[in-house]
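Visitor: Could you have a look at this structure, given as C-alpha cells, before my questions?
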Amino acid sequence: MGSIDTPKNPENGSTTLPLATDASTTYGGDQNPPNGIDGMPPRVTEMTLTVESEAIKKRKASMLPLEVGTRVMCRWRDCKYHPVKVIERRKMQSAGPNDYEYYVHYTEFNRRLDEWVKLEQLDLDSVETVIDEKVEDKVTSLKMTRHQKRKIDETHVEGHEELDAASLREHEEFTKVKNIATIELGRYEIETWYFSPFPPEYNDCLKLYFCEFCLNFMKRKEQLQRHMKKCDLKHPPGDEIYRSGTLSMFEIDGKKNKVYGQNLCYLAKLFLDHKTLYYDVDLFLFYVLCECDDRGCHMVGYFSKEKHSEESYNLACILTLPPYQRKGYGKFLIAFSYELSKKEGKVGTPERPLSDLGLLSYRGYWTRVLLDILKKHKGNISIKELSDMTAIKAEDILTTLQSLELIQYRKGQHVICADPKVLDRHLKAAGRGGLEVDVSKLIWTPYKEQG
C-alpha cells in the first residue's frame, strides 16, 4: 500500500492542519484577515481552530497506550505507511505513563518482518478499534472473492498445515514476539526472522554471538573472543563426505554431537517459522554445507534427516543462512539429499509441512529435473521410471507434472504429454538450476546403527 497523502508531522505522526498553517502564513502576528476565513469573524475562527486542536490532542491521548490487537498505519523502512496489527507492547524505561514501544505485524507481509516500533512511526489518525477476531474473520471472508480467500489461506497457514486452529493459535501466541533481534556468526551480523526458544537465561538478550565452528552462543562479544582463543574446531564436527573446490559437506550424527545438534536447531529456528524444535537430536543426521578458505570451513546452510523414516522422508529441515541466499545453495542442498537417496537405493520426499521458501525451492527443483529428462528422453516414459531415475517420490512427480499441465488421465491411467515447445517454455520459467552436485566427489555410505 502506498503512503497516505495527508501530510504528517514527523514529531508525532499526527496530521498537520492546513487551515491553521494557511492563516498564520498569510496573516502574520496578530493581524487577522478583514472578513475572517470563509466569512467567519476572525476571533471565532481562532477559537474554533484552538478548540479543534485541543480536541484532537485529547482524542489521541485517550487512545494511548494502544491496546494489543489495535490496527493502525505504520511507517516502514521504505518511508511509506503500511497497515499493521499491534501484537505486543512494552513500557519504555524512564518514560511517561503513555510511552510504549509496540511490536507490530505488517499485515501485507510475512511474519519475518515483524518488529518493535516507536509511537512516532504510527499514524494515530488511522487507528481502528479493537474488534473480536472471530467476528472480523467472518465478515472479511464474506467480502472476499474465492480467489482472494485462497490466497489468504495459503499465506496465513504457511508451514503449519498439520496444526488445527487451536494449536495454530497456541503456536502463534507462544512465538509471536521475536526474542533475539540479531546474531553475529563469523563475519556476518544477521537480523533474525522468528522466535527461537533459547534457555531462559538468554531472555534479556537482543543480540547473541555464535562461534561459527562449534555453534556455542554467548551474550557478549568479549565472551566470544575468549572462546575463539580456546576453540580447536575449524569446521563442523563429524565426517567430511564431500569436497568440490571450496565447497564441503559434513555429516554430523546428533547422537555423537548432541550439543552441536541442539545449537544448530536453536540457530535454525531463528529463520524458520514452521520448524518444531527437537531437543532430542539423537534420531537425526545433520548435513552442513560450508565454504572453505584458509581460516576454516564456514557454514552456509544445512539440512537434516531422520536416521530411520517410515514415511520415506529424505529431509526433515532445510535452511540457507540469509547472507548466502540467492546463490544456488538451497537447490544444491535439495539435490544433495536426493543423491544420498540414490546411494541408499530409495525414493525420497521432504518432510511436511514445508516452509514457504522450502516449497518454492522444491517445486523449482522437481520441475527442472523432470523437464530435463523429458526433453532428452525419446519415446514413452512412466512415472515409476521417472521415480527410479530421480529418487523423487511418485506423488511429487505427479503433482509437479499436473501443475505444469503436462499430464492427462486417459483410460484409467496417467499419460505424460511432453510437447518440446511447452517443455522449453516451462524450463525457461523455472530459471537456472543452481550449483551442480559432483557425484564423483561424494564419499559416503548409508547410516547403519552400530551394534
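So you can find residues: chains in the C-alpha cells are A, B, ... in the order shown, residues in each start at 1, and ligands are numbered from 1 in order.
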Determine, counting only C-alpha atoms, which protein, DNA and RNA residues have an atom within 10 Å of an atom of Pro197 (chain A); residues of the same chain fewer than 6 positions away are not included. Present the result as a ChimeraX atom specification.

Guide: /A:174-175,178-180,203,265-267,269-270,277

Visitor: Any idea what's packed within 9 Å of Ala418 (chain A), counting only C-alpha atoms, ignoring anything in its chain fewer than 4 positions away? Could you give it as a PyMOL selection string?

Guide: chain A and resi 371+374-375+406-407+422-423

Visitor: Write out as an MDAnalysis selection string the residues lying within 10 Å of Glu184 (chain A), counting only C-alpha atoms and excluding same-chain residues fewer than 6 positions away.

Guide: chainID A and resid 190:191 207:212 217:218 221 224

Visitor: Write out, as CSV, each residue of region 332-387 of chain A that has an atom at most 7 Å from region 307-322 of chain A, together with the closest pair of atoms and their distance in Å to one decimal, counting only C-alpha atoms, rows going by chain and rising number.

Guide:
residue,atom,partner,partner_atom,distance
A:Ser337,CA,A:Asn314,CA,6.4
A:Ser341,CA,A:Asn314,CA,6.8
A:Val347,CA,A:Ser312,CA,6.9
A:Gly348,CA,A:Asn314,CA,5.0
A:Thr349,CA,A:Tyr313,CA,4.9
A:Pro350,CA,A:Leu315,CA,4.8
A:Glu351,CA,A:Ala316,CA,5.0

Visitor: Those residues with all heavy atoms, as a PDB file, in the first residue's frame please?

Guide:
ATOM      1  N   SER A 337      20.408 -34.081  -1.096  1.00  0.00           N
ATOM      2  CA  SER A 337      19.569 -35.032  -0.349  1.00  0.00           C
ATOM      3  C   SER A 337      19.077 -36.155  -1.266  1.00  0.00           C
ATOM      4  O   SER A 337      18.958 -37.310  -0.835  1.00  0.00           O
ATOM      5  CB  SER A 337      18.385 -34.308   0.286  1.00  0.00           C
ATOM      6  OG  SER A 337      17.441 -33.885  -0.681  1.00  0.00           O
ATOM      7  N   SER A 341      19.736 -40.333  -1.360  1.00  0.00           N
ATOM      8  CA  SER A 341      18.663 -41.325  -1.550  1.00  0.00           C
ATOM      9  C   SER A 341      19.025 -42.322  -2.640  1.00  0.00           C
ATOM     10  O   SER A 341      18.751 -43.522  -2.530  1.00  0.00           O
ATOM     11  CB  SER A 341      17.345 -40.617  -1.905  1.00  0.00           C
ATOM     12  OG  SER A 341      16.868 -39.866  -0.808  1.00  0.00           O
ATOM     13  N   VAL A 347      13.527 -44.111  -2.865  1.00  0.00           N
ATOM     14  CA  VAL A 347      12.940 -42.838  -3.287  1.00  0.00           C
ATOM     15  C   VAL A 347      12.732 -42.011  -2.026  1.00  0.00           C
ATOM     16  O   VAL A 347      12.590 -42.556  -0.923  1.00  0.00           O
ATOM     17  CB  VAL A 347      11.598 -43.025  -4.033  1.00  0.00           C
ATOM     18  CG1 VAL A 347      11.816 -43.772  -5.336  1.00  0.00           C
ATOM     19  CG2 VAL A 347      10.578 -43.730  -3.162  1.00  0.00           C
ATOM     20  N   GLY A 348      12.748 -40.692  -2.187  1.00  0.00           N
ATOM     21  CA  GLY A 348      12.633 -39.830  -1.014  1.00  0.00           C
ATOM     22  C   GLY A 348      11.700 -38.662  -1.263  1.00  0.00           C
ATOM     23  O   GLY A 348      11.364 -38.324  -2.403  1.00  0.00           O
ATOM     24  N   THR A 349      11.306 -38.019  -0.172  1.00  0.00           N
ATOM     25  CA  THR A 349      10.467 -36.822  -0.229  1.00  0.00           C
ATOM     26  C   THR A 349      10.741 -36.002   1.022  1.00  0.00           C
ATOM     27  O   THR A 349      11.106 -36.565   2.064  1.00  0.00           O
ATOM     28  CB  THR A 349       8.970 -37.203  -0.318  1.00  0.00           C
ATOM     29  OG1 THR A 349       8.202 -36.028  -0.597  1.00  0.00           O
ATOM     30  CG2 THR A 349       8.460 -37.836   0.963  1.00  0.00           C
ATOM     31  N   PRO A 350      10.594 -34.681   0.948  1.00  0.00           N
ATOM     32  CA  PRO A 350      10.836 -33.870   2.154  1.00  0.00           C
ATOM     33  C   PRO A 350       9.703 -34.021   3.160  1.00  0.00           C
ATOM     34  O   PRO A 350       8.544 -34.235   2.789  1.00  0.00           O
ATOM     35  CB  PRO A 350      10.891 -32.440   1.597  1.00  0.00           C
ATOM     36  CG  PRO A 350      10.065 -32.479   0.358  1.00  0.00           C
ATOM     37  CD  PRO A 350      10.293 -33.840  -0.226  1.00  0.00           C
ATOM     38  N   GLU A 351      10.051 -33.889   4.433  1.00  0.00           N
ATOM     39  CA  GLU A 351       9.054 -33.953   5.491  1.00  0.00           C
ATOM     40  C   GLU A 351       8.116 -32.753   5.402  1.00  0.00           C
ATOM     41  O   GLU A 351       8.553 -31.639   5.119  1.00  0.00           O
ATOM     42  CB  GLU A 351       9.774 -33.970   6.845  1.00  0.00           C
ATOM     43  CG  GLU A 351       8.875 -34.145   8.049  1.00  0.00           C
ATOM     44  CD  GLU A 351       9.658 -34.227   9.339  1.00  0.00           C
ATOM     45  OE1 GLU A 351      10.688 -34.942   9.363  1.00  0.00           O
ATOM     46  OE2 GLU A 351       9.266 -33.559  10.311  1.00  0.00           O
TER      47      GLU A 351
END

Visitor: Can you tell me, as a ChimeraX atom specification, what residues are no more than 10 Å from region 112-126 of chain A when counting only C-alpha atoms, ignoring any on the same chain fewer than 5 positions away?

Guide: /A:4,8-15,56,59-61,63-66,71-76,79,81-90,92,98-107,176-178,181,191-195,270-273

Visitor: Write the selection just made, keeping C-alpha atoms, as a compact mmCIF listing (two decimals), in the first residue's frame?

Guide:
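Result file is result_37.txt:
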# COMPACT_ATOMS: atom_id res chain seq x y z
CA ILE A 4 -1.02 8.29 2.92
CA LYS A 8 2.44 14.08 8.56
CA ASN A 9 4.15 15.79 11.43
CA PRO A 10 7.43 13.91 11.81
CA GLU A 11 7.44 14.54 15.56
CA ASN A 12 4.31 12.62 16.50
CA GLY A 13 2.93 11.16 13.28
CA SER A 14 -0.15 13.37 13.58
CA THR A 15 -1.84 15.08 10.66
CA ILE A 56 -7.63 16.19 18.53
CA ARG A 59 -8.70 12.17 21.43
CA LYS A 60 -5.21 10.91 20.58
CA ALA A 61 -4.17 10.94 24.24
CA MET A 63 -6.08 6.20 22.65
CA LEU A 64 -2.77 5.71 24.43
CA PRO A 65 -1.33 3.36 25.21
CA LEU A 66 -2.60 1.39 22.19
CA ARG A 71 -4.87 -1.93 13.77
CA VAL A 72 -3.14 1.21 12.57
CA MET A 73 -0.93 2.51 9.75
CA CYS A 74 2.83 2.37 10.41
CA ARG A 75 5.78 3.99 8.64
CA TRP A 76 8.08 1.21 7.42
CA CYS A 79 9.21 5.53 4.32
CA TYR A 81 2.75 3.75 5.57
CA HIS A 82 1.51 0.15 5.73
CA PRO A 83 -1.30 -1.47 7.75
CA VAL A 84 -0.14 -3.23 10.91
CA LYS A 85 -1.63 -5.04 13.87
CA VAL A 86 -0.23 -4.47 17.37
CA ILE A 87 0.96 -7.84 18.68
CA GLU A 88 2.59 -6.76 21.95
CA ARG A 89 3.67 -3.61 23.80
CA ARG A 90 6.32 -2.76 26.38
CA MET A 92 10.00 2.31 27.74
CA ASN A 98 1.92 6.52 27.83
CA ASP A 99 5.43 5.98 26.46
CA TYR A 100 5.42 2.48 24.98
CA GLU A 101 7.09 0.63 22.16
CA TYR A 102 4.83 -1.59 20.06
CA TYR A 103 5.59 -4.93 18.43
CA VAL A 104 3.68 -4.94 15.14
CA HIS A 105 2.85 -7.37 12.36
CA TYR A 106 2.68 -5.88 8.86
CA THR A 107 -0.50 -7.50 7.55
CA LYS A 176 4.51 -14.03 18.42
CA VAL A 177 7.42 -11.82 19.53
CA LYS A 178 11.00 -12.24 18.35
CA ALA A 181 16.86 -9.34 17.22
CA GLU A 191 18.83 -9.84 11.51
CA THR A 192 16.66 -12.70 12.77
CA TRP A 193 13.20 -13.55 11.42
CA TYR A 194 11.36 -15.50 14.11
CA PHE A 195 11.20 -16.51 17.75
CA LEU A 270 15.51 -18.00 14.23
CA PHE A 271 14.90 -18.24 10.46
CA LEU A 272 12.22 -20.93 10.21
CA ASP A 273 8.70 -20.19 11.40

Visitor: Within region 162-365 of chain A, find each residue whose DSSP state, derived from the backbone, is strand (DSSP E), and express the selection as number ranges by chain.

Guide: A: 182-185, 188-191, 207-210, 217-218, 239-244, 247-253, 284-293, 296-306, 313-315, 317-320, 349-350

Visitor: What is the CA of Glu405 (chain A)-CA of Val437 (chain A) distance in Å, reported with one decimal?

Guide: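 Taking CA of Glu405 (chain A) as the start and CA of Val437 (chain A) as the end point, the length is 28.8 Å.
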
Visitor: Which residue out of A:Leu340, A:Cys231, A:Leu247, A:Leu360 has the minimum interatomic distance to Gly431 (chain A) when only C-alpha atoms are used?

Guide: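 Checking each of A:Leu340, A:Cys231, A:Leu247, A:Leu360 against Gly431 (chain A), counting only C-alpha atoms, the winner is A:Leu360.
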
Visitor: Separation of CA of Lys421 (chain A) and CA of Ala391 (chain A), in Å?

Guide: 26.3 Å

Visitor: From the list A:Ile373, A:Arg77, A:Met299, A:Arg220, which residue is nearest Glu385 (chain A) when using only C-alpha atoms?

Guide: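 Among A:Ile373, A:Arg77, A:Met299, A:Arg220, it is A:Ile373 that comes nearest to Glu385 (chain A).
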
Visitor: Pick from A:Ile397, A:Leu357, A:Val259, A:Cys417: nearest to Asn380 (chain A), with only C-alpha atoms counted?

Guide: A:Cys417

Visitor: CA of Gly254 (chain A) and CA of Arg363 (chain A), how far apart in Å?

Guide: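 Those two atoms sit 28.8 Å apart.
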
Visitor: Counting only C-alpha atoms, figure out which residue out of A:Ala394, A:Ile252, A:Val68, A:Ile443 gets nearest to Leu285 (chain A).

Guide: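 Under the stated criterion, the closest residue is A:Ile252.
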
Visitor: Can you tell me, as a list of chain:residue names, what residues are no more than 12 Å from Glu436 (chain A) when counting only C-alpha atoms, ignoring any on the same chain fewer than 6 positions away?

Guide: A:Ser244, A:Gly245, A:Leu247, A:Gly328, A:Tyr329, A:Gly330, A:Lys331, A:Phe332, A:Leu333, A:Ile334, A:Ala335, A:Phe336, A:Glu339, A:Tyr365, A:Val369
